[in-house]
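Chemist: Supplied in C-alpha cells, the structure appears directly below.
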Amino acid sequence: MKKLLILYILILCGKPLFAQDSLKNSSNLTISGYAELYYGFDFNRPANNTRPSFVYSHNRHNEVNLNLGFIKANYDNGNIRANLALMAGTYANANLASEQGVFKNVFEANAGIKLSKSANIWFDAGIFASHIGFESAISKDCWVLTRNIASENTPYYETGAKLTYTTDDGKLTLSGLYLNGWQRINRQDGNSKPAGGLQVAYKPADNITLNYSNYIGAEGADSVQVRRIYHNFYGIFQLTDKFGLTAGFDYGVQQKAKGSSDYNHIISPVAIARYQLAEKWAMAGRFEYYQDKSGVFIATGTPHGFDTKGYSLNVDYAPIKNALIRLEGKVYDSKDKIFQKQTGFTNNSPLVTASFAVSF
C-alpha cells in the first residue's frame with residue numbers, strides 16, 4: 001500500500017512536467033490534411049471505367065471517387081524535421097500498385113537534420129515528393145485540375161537521401177539526391193545500382209522561379225539493365241497580379257540495350273497560362289506535347305509510338321480559403337489510333353473532370 005501511495009504521488013507530481021513538455025513540443029508539431037473528390041467522364045466510354053494506362057491521377061471514368069486524401073504530421077524545431085503522411089484514393093491505387101504492403105498507403109515519410117548552425121544545409125532521408133516537375137499529386141497546388149502527361153510519367157515520389165542547401169536570401173536552392181530508383185520505395189529486384197539526381201531552383205525575383213532537375217539511373221536487373229538520363233526544365237512567371245505563365249521542357253534518353261551506344265528519346269514541352277478573374281475565380285489553359293516513339297514510358301505498339309498533343313481548359317472557384325471547386329475540359333490528340341473506345345480505336349480522347357478539394 002505504501003509503495004502504491006508513493007507511485008501515485010510521483011504520477012501526480014509528474015503530470016505538470018509531462019504536460020508542460022507536451023505543450024512545448026506542440027508548437028513544433030503541425031497536423032494537416034487534404035481530400036479531393038472528383039468525377040470524370042471520358043467520352044470514349046472505356047468498358048472497365050479506367051482512363052488510359054499512362055494516366056494515374058483522376059483515372060476513373062463515370063464515377064464519383066476520392067483521388068487523394070491524406071493526413072499528415074509535420075515536426076520542425078529548426079534543427080530537426082520530420083514528415084509522415086498516410087493516404088488513400090484512386091491515385092494511390094494506380095500510382096503505387098507495384099509497391100509492397102503498407103507502403104501503398106504512404107504519401108510521405110522522412111526525417112532530416114540541419115548540418116550547420118550558420119548555413120541552411122539539411123540532410124533528409126526517407127520517402128518524399130519528387131524533385132522533378134512543377135505539378136504534384138496535390139491538385140489544389142497545381143494550376144490545372146489534372147496532371148500533364150510528363151508529370152504523370154515521371155516520379156511523383158522517390159525514396160533515398162538528399163542534401164539541400166539554400167542561400168540566406170532564399171533565392172537559390174541546390175539539392176543532390178541518392179535514390180533507390182525511378183519512383184521506387186524498394187529497389188528493383190536484381191538491380192544493384194543506386195540512382196541519383198540534382199536540382200537547382202533559382203528565384204531571381206519574387207515573381208520568377210527557374211528550375212532544373214535531372215535523374216541518372218540504371219533500369220532493370222543487372223544482367224539487362226540500361227542507362228536512363230532525364231532532364232526537366234521549367235520556369236514560373238507571375239507577370240502581373242492576375243496573369244501567370246508556366247513553361248516546361250522535359251528531355252530523356254534511355255539505352256536501347258545494355259552496352260549499346262544507341263538511345264531512345266523522349267521529349268515533352270508544356271505551357272500553362274493562368275488568369276485570376278476575380279477574388280474567388282480563376283481560369284487556366286494548358287498545351288502539352290509528348291513524344292515517346294519507342295515506348296520507354298508509354299508503349300503503344302503503333303507505327304509512330306506515343307506521339308500526342310493535349311489541350312486543357314480549367315475554371316476554379318474558391319468559396320473559402322481552404323476549399324476549391326474545379327471544372328476542366330481536356331482533349332488528347334494522337335498521331336496514331338491509340339485510344340480505345342467501345343467501337344474500336346481512335347486518335348482522340350476527350351474528357352471532362354470536376355473536383356472538390358478541401359485542406360486543413
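How things are named: the first chain in the C-alpha cells is A, the next is B, and so on; residues count from 1 in each chain; ligands count from 1 in the order shown.
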Mind the document's chain letters and residue numbers, and return as a PyMOL selection string the residues of stretch 165-212 of chain A that DSSP labels strand (DSSP E).
Modeler: chain A and resi 165-166+172-179+195-205+208-212
Chemist: Could you give me, as a VMD selection string, the residues within 12 Å of stretch 94-97 of chain A, counting only C-alpha atoms and dropping anything in the same chain fewer than 6 positions from it?
Modeler: chain A and resid 50 to 60 67 to 68 87 to 88 103 to 107 137 151 to 158 183 to 186
Chemist: Include C-alpha atoms and write out the residues we just selected as a compact mmCIF listing (two decimals), in the first residue's frame.
Modeler:
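Contents of the output file selection.txt:
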```txt
# COMPACT_ATOMS: atom_id res chain seq x y z
CA THR A 50 -10.47 3.27 -66.24
CA ARG A 51 -8.68 6.02 -68.15
CA PRO A 52 -5.69 5.11 -70.42
CA SER A 53 -2.76 3.39 -68.70
CA PHE A 54 -0.50 6.48 -68.78
CA VAL A 55 -2.96 8.36 -66.52
CA TYR A 56 -2.53 7.88 -62.76
CA SER A 57 -4.41 10.82 -61.22
CA HIS A 58 -8.18 11.21 -61.68
CA ASN A 59 -8.09 7.99 -63.66
CA ARG A 60 -11.64 6.65 -63.12
CA ASN A 67 -8.47 10.94 -55.96
CA LEU A 68 -6.25 11.64 -52.98
CA MET A 87 -3.09 8.35 -47.86
CA ALA A 88 -5.95 6.68 -49.70
CA PHE A 103 3.90 1.19 -48.46
CA LYS A 104 0.98 1.55 -50.89
CA ASN A 105 -0.60 3.98 -48.41
CA VAL A 106 2.47 6.07 -47.58
CA PHE A 107 2.35 9.52 -49.15
CA ALA A 137 -0.12 14.89 -56.70
CA SER A 151 4.16 14.74 -64.78
CA GLU A 152 2.13 11.53 -64.90
CA ASN A 153 5.09 9.61 -66.32
CA THR A 154 7.90 10.96 -64.17
CA PRO A 155 8.15 10.18 -60.45
CA TYR A 156 5.53 11.61 -58.11
CA TYR A 157 7.60 10.33 -55.17
CA GLU A 158 11.08 8.96 -54.53
CA GLN A 183 9.73 6.20 -58.42
CA ARG A 184 10.51 3.28 -56.14
CA ILE A 185 10.34 2.71 -52.41
CA ASN A 186 12.25 -0.59 -52.64
```
Chemist: Need to verify the contact set: stretch 240-254 of chain A, 8 Å, only C-alpha atoms, exclusion of same-chain residues closer than 2 positions in sequence. Can you return it as a count of residues only?
Modeler: 31
Chemist: Please provide the set of residues having any atom within 12 Å of A:Pro303, restricted to only C-alpha atoms, with same-chain residues fewer than 3 positions apart removed, written as a list in words.
Modeler: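 With the cut-off at 12 Å, the set is Asp292, Lys293, Ser294, Gly295, Ala299, Thr300, Phe306, Asp307, Ser334, Lys335, Asp336, Lys337 and Ile338 of chain A.
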Chemist: So that I can check the surroundings of stretch 109-120 of chain A, please list as a PDB file with N, CA and C atoms, in the first residue's frame every protein, DNA and RNA residue that reaches within 8 Å of it, counting only C-alpha atoms and ignoring chain neighbours fewer than 4 positions away.
Modeler:
```
ATOM      1  N   GLY A  78      13.541  23.600 -36.087  1.00  0.00           N
ATOM      2  CA  GLY A  78      14.616  24.427 -36.603  1.00  0.00           C
ATOM      3  C   GLY A  78      15.908  23.683 -36.836  1.00  0.00           C
ATOM      4  N   ASN A  79      16.097  22.573 -36.133  1.00  0.00           N
ATOM      5  CA  ASN A  79      17.297  21.747 -36.293  1.00  0.00           C
ATOM      6  C   ASN A  79      16.990  20.322 -36.725  1.00  0.00           C
ATOM      7  N   ILE A  80      15.804  19.864 -36.397  1.00  0.00           N
ATOM      8  CA  ILE A  80      15.344  18.529 -36.784  1.00  0.00           C
ATOM      9  C   ILE A  80      13.952  18.676 -37.386  1.00  0.00           C
ATOM     10  N   ARG A  81      13.678  17.924 -38.433  1.00  0.00           N
ATOM     11  CA  ARG A  81      12.346  17.961 -39.037  1.00  0.00           C
ATOM     12  C   ARG A  81      11.950  16.563 -39.490  1.00  0.00           C
ATOM     13  N   ALA A  82      10.650  16.332 -39.558  1.00  0.00           N
ATOM     14  CA  ALA A  82      10.143  15.036 -39.982  1.00  0.00           C
ATOM     15  C   ALA A  82       8.738  15.205 -40.537  1.00  0.00           C
ATOM     16  N   ASN A  83       8.373  14.327 -41.466  1.00  0.00           N
ATOM     17  CA  ASN A  83       7.044  14.328 -42.071  1.00  0.00           C
ATOM     18  C   ASN A  83       6.538  12.899 -42.169  1.00  0.00           C
ATOM     19  N   LEU A  84       5.264  12.720 -41.826  1.00  0.00           N
ATOM     20  CA  LEU A  84       4.618  11.426 -42.017  1.00  0.00           C
ATOM     21  C   LEU A  84       3.205  11.680 -42.499  1.00  0.00           C
ATOM     22  N   ALA A  85       2.867  11.129 -43.673  1.00  0.00           N
ATOM     23  CA  ALA A  85       1.529  11.296 -44.238  1.00  0.00           C
ATOM     24  C   ALA A  85       1.050   9.967 -44.792  1.00  0.00           C
ATOM     25  N   ASP A 124      18.217  15.020 -45.461  1.00  0.00           N
ATOM     26  CA  ASP A 124      16.927  14.346 -45.275  1.00  0.00           C
ATOM     27  C   ASP A 124      16.982  12.962 -45.884  1.00  0.00           C
ATOM     28  N   ALA A 125      16.240  12.034 -45.295  1.00  0.00           N
ATOM     29  CA  ALA A 125      16.164  10.680 -45.833  1.00  0.00           C
ATOM     30  C   ALA A 125      14.770  10.130 -45.621  1.00  0.00           C
ATOM     31  N   GLY A 126      14.355   9.247 -46.541  1.00  0.00           N
ATOM     32  CA  GLY A 126      13.036   8.625 -46.433  1.00  0.00           C
ATOM     33  C   GLY A 126      12.292   8.687 -47.751  1.00  0.00           C
ATOM     34  N   ILE A 127      10.973   8.763 -47.656  1.00  0.00           N
ATOM     35  CA  ILE A 127      10.091   8.852 -48.823  1.00  0.00           C
ATOM     36  C   ILE A 127       9.615  10.300 -48.909  1.00  0.00           C
ATOM     37  N   PHE A 128       9.869  10.949 -50.030  1.00  0.00           N
ATOM     38  CA  PHE A 128       9.478  12.352 -50.165  1.00  0.00           C
ATOM     39  C   PHE A 128       9.010  12.630 -51.588  1.00  0.00           C
ATOM     40  N   TYR A 165      20.934  22.698 -49.856  1.00  0.00           N
ATOM     41  CA  TYR A 165      21.496  23.971 -49.400  1.00  0.00           C
ATOM     42  C   TYR A 165      20.660  25.113 -49.972  1.00  0.00           C
ATOM     43  N   THR A 166      20.262  26.047 -49.109  1.00  0.00           N
ATOM     44  CA  THR A 166      19.526  27.236 -49.521  1.00  0.00           C
ATOM     45  C   THR A 166      20.268  28.471 -49.045  1.00  0.00           C
ATOM     46  N   THR A 167      20.447  29.429 -49.926  1.00  0.00           N
ATOM     47  CA  THR A 167      21.144  30.659 -49.553  1.00  0.00           C
ATOM     48  C   THR A 167      20.324  31.444 -48.532  1.00  0.00           C
ATOM     49  N   ASP A 168      20.985  32.325 -47.814  1.00  0.00           N
ATOM     50  CA  ASP A 168      20.320  33.088 -46.757  1.00  0.00           C
ATOM     51  C   ASP A 168      19.166  33.931 -47.277  1.00  0.00           C
TER      52      ASP A 168
END
```
Chemist: If you count only C-alpha atoms, which residues fall within 8 Å of A:Val64, apart from same-chain ones fewer than 6 positions away, as a ChimeraX atom specification?
Modeler: /A:37-40
Chemist: Using all heavy atoms, can you write the selected residues to a file as a short mmCIF file (atom, residue, chain, number, x, y, z; two decimals), in the first residue's frame?
Modeler:
```cif
data_model
loop_
_atom_site.label_atom_id
_atom_site.label_comp_id
_atom_site.auth_asym_id
_atom_site.auth_seq_id
_atom_site.Cartn_x
_atom_site.Cartn_y
_atom_site.Cartn_z
N LEU A 37 -12.22 15.01 -53.93
CA LEU A 37 -13.21 14.16 -54.58
C LEU A 37 -13.35 14.61 -56.03
O LEU A 37 -13.21 15.80 -56.34
CB LEU A 37 -14.55 14.26 -53.87
CG LEU A 37 -14.53 13.85 -52.39
CD1 LEU A 37 -15.84 14.24 -51.72
CD2 LEU A 37 -14.28 12.36 -52.25
N TYR A 38 -13.64 13.68 -56.92
CA TYR A 38 -13.75 14.06 -58.33
C TYR A 38 -14.75 13.17 -59.07
O TYR A 38 -15.10 12.07 -58.64
CB TYR A 38 -12.39 13.97 -59.01
CG TYR A 38 -11.91 12.56 -59.30
CD1 TYR A 38 -12.00 12.00 -60.58
CD2 TYR A 38 -11.36 11.75 -58.29
CE1 TYR A 38 -11.55 10.72 -60.85
CE2 TYR A 38 -10.90 10.48 -58.56
CZ TYR A 38 -11.00 9.96 -59.84
OH TYR A 38 -10.57 8.68 -60.10
N TYR A 39 -15.19 13.71 -60.21
CA TYR A 39 -15.98 12.95 -61.17
C TYR A 39 -15.41 13.22 -62.55
O TYR A 39 -15.26 14.38 -62.95
CB TYR A 39 -17.45 13.36 -61.14
CG TYR A 39 -18.27 12.72 -62.24
CD1 TYR A 39 -18.76 11.43 -62.09
CD2 TYR A 39 -18.52 13.39 -63.44
CE1 TYR A 39 -19.50 10.83 -63.10
CE2 TYR A 39 -19.25 12.80 -64.45
CZ TYR A 39 -19.73 11.52 -64.29
OH TYR A 39 -20.44 10.92 -65.30
N GLY A 40 -15.07 12.16 -63.27
CA GLY A 40 -14.54 12.31 -64.62
C GLY A 40 -15.38 11.56 -65.62
O GLY A 40 -15.83 10.43 -65.34
#
```
Chemist: Could you please determine the separation between atom CA of A:Leu198 and atom CA of A:Leu172 in Å, to one decimal place?
Modeler: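 Straight-line distance from atom CA of A:Leu198 to atom CA of A:Leu172 works out to 13.4 Å.
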Chemist: I'd like to know which of A:Ala218, A:Leu313, A:Leu327, A:Leu86 is closest to A:Phe41, using only C-alpha atoms.
Modeler: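 When distances to A:Phe41 are compared using only C-alpha atoms, the smallest one comes from A:Leu327.
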Chemist: Could you tell me how far atom CA of A:Arg286 sits from atom CA of A:Ala35, in Å to one decimal place?
Modeler: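 Between atom CA of A:Ala35 and atom CA of A:Arg286 the gap works out to 24.1 Å.
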Chemist: Between A:Val224, A:Val358, A:Leu29, A:Ile132, which is the closest to A:Gln199 once you count only C-alpha atoms?
Modeler: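 Closest to A:Gln199 of all the choices is A:Ile132.
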Chemist: Just checking: using only C-alpha atoms, which residue out of A:Tyr290, A:Asn347, A:Gln342, A:Gly133 ends up closest to A:Asn49?
Modeler: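 Of the candidates, the smallest distance to A:Asn49 is held by A:Gln342.
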Chemist: Work out how far apart atom CA of A:Val144 and atom CA of A:Arg326 are and give it in Å to one decimal.
Modeler: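 Computing it gives 8.7 Å between the two atoms.
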Chemist: If you count only C-alpha atoms, which residues fall within 9 Å of A:Tyr178, apart from same-chain ones fewer than 4 positions away, as an mmCIF file with all heavy atoms, in the first residue's frame?
Modeler:
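Wrote it out as result.cif, contents follow:
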```cif
data_model
loop_
_atom_site.group_PDB
_atom_site.id
_atom_site.type_symbol
_atom_site.label_atom_id
_atom_site.label_comp_id
_atom_site.auth_asym_id
_atom_site.auth_seq_id
_atom_site.Cartn_x
_atom_site.Cartn_y
_atom_site.Cartn_z
ATOM 1 N N THR A 159 12.477 7.671 -53.061
ATOM 2 C CA THR A 159 12.985 7.211 -51.773
ATOM 3 C C THR A 159 14.501 7.209 -51.785
ATOM 4 O O THR A 159 15.126 6.755 -52.751
ATOM 5 C CB THR A 159 12.475 5.787 -51.469
ATOM 6 O OG1 THR A 159 11.056 5.763 -51.598
ATOM 7 C CG2 THR A 159 12.861 5.373 -50.058
ATOM 8 N N GLY A 160 15.073 7.731 -50.730
ATOM 9 C CA GLY A 160 16.524 7.784 -50.641
ATOM 10 C C GLY A 160 16.964 8.848 -49.658
ATOM 11 O O GLY A 160 16.331 9.049 -48.616
ATOM 12 N N ALA A 161 18.024 9.555 -50.001
ATOM 13 C CA ALA A 161 18.566 10.601 -49.137
ATOM 14 C C ALA A 161 18.929 11.799 -49.999
ATOM 15 O O ALA A 161 19.283 11.650 -51.180
ATOM 16 C CB ALA A 161 19.794 10.095 -48.388
ATOM 17 N N LYS A 162 18.840 12.986 -49.409
ATOM 18 C CA LYS A 162 19.201 14.185 -50.168
ATOM 19 C C LYS A 162 19.869 15.215 -49.266
ATOM 20 O O LYS A 162 19.583 15.317 -48.075
ATOM 21 C CB LYS A 162 17.979 14.798 -50.855
ATOM 22 C CG LYS A 162 16.884 15.275 -49.941
ATOM 23 C CD LYS A 162 15.734 15.859 -50.769
ATOM 24 C CE LYS A 162 14.578 16.312 -49.881
ATOM 25 N NZ LYS A 162 13.481 16.898 -50.674
ATOM 26 N N LEU A 163 20.762 15.961 -49.875
ATOM 27 C CA LEU A 163 21.460 17.055 -49.214
ATOM 28 C C LEU A 163 21.003 18.347 -49.884
ATOM 29 O O LEU A 163 21.084 18.473 -51.108
ATOM 30 C CB LEU A 163 22.965 16.876 -49.354
ATOM 31 C CG LEU A 163 23.863 17.801 -48.537
ATOM 32 C CD1 LEU A 163 23.690 17.537 -47.044
ATOM 33 C CD2 LEU A 163 25.321 17.616 -48.951
ATOM 34 N N PRO A 194 22.425 2.041 -57.400
ATOM 35 C CA PRO A 194 21.552 3.138 -56.985
ATOM 36 C C PRO A 194 21.418 4.172 -58.095
ATOM 37 O O PRO A 194 22.149 4.151 -59.087
ATOM 38 C CB PRO A 194 22.275 3.724 -55.773
ATOM 39 C CG PRO A 194 23.717 3.439 -56.056
ATOM 40 C CD PRO A 194 23.740 2.100 -56.750
ATOM 41 N N ALA A 195 20.489 5.078 -57.912
ATOM 42 C CA ALA A 195 20.283 6.175 -58.856
ATOM 43 C C ALA A 195 20.548 7.492 -58.140
ATOM 44 O O ALA A 195 20.778 7.523 -56.926
ATOM 45 C CB ALA A 195 18.865 6.121 -59.406
ATOM 46 N N GLY A 196 20.489 8.564 -58.882
ATOM 47 C CA GLY A 196 20.725 9.863 -58.265
ATOM 48 C C GLY A 196 20.176 10.987 -59.104
ATOM 49 O O GLY A 196 19.672 10.781 -60.219
ATOM 50 N N GLY A 197 20.273 12.189 -58.567
ATOM 51 C CA GLY A 197 19.778 13.342 -59.299
ATOM 52 C C GLY A 197 20.236 14.635 -58.665
ATOM 53 O O GLY A 197 20.754 14.660 -57.543
#
```
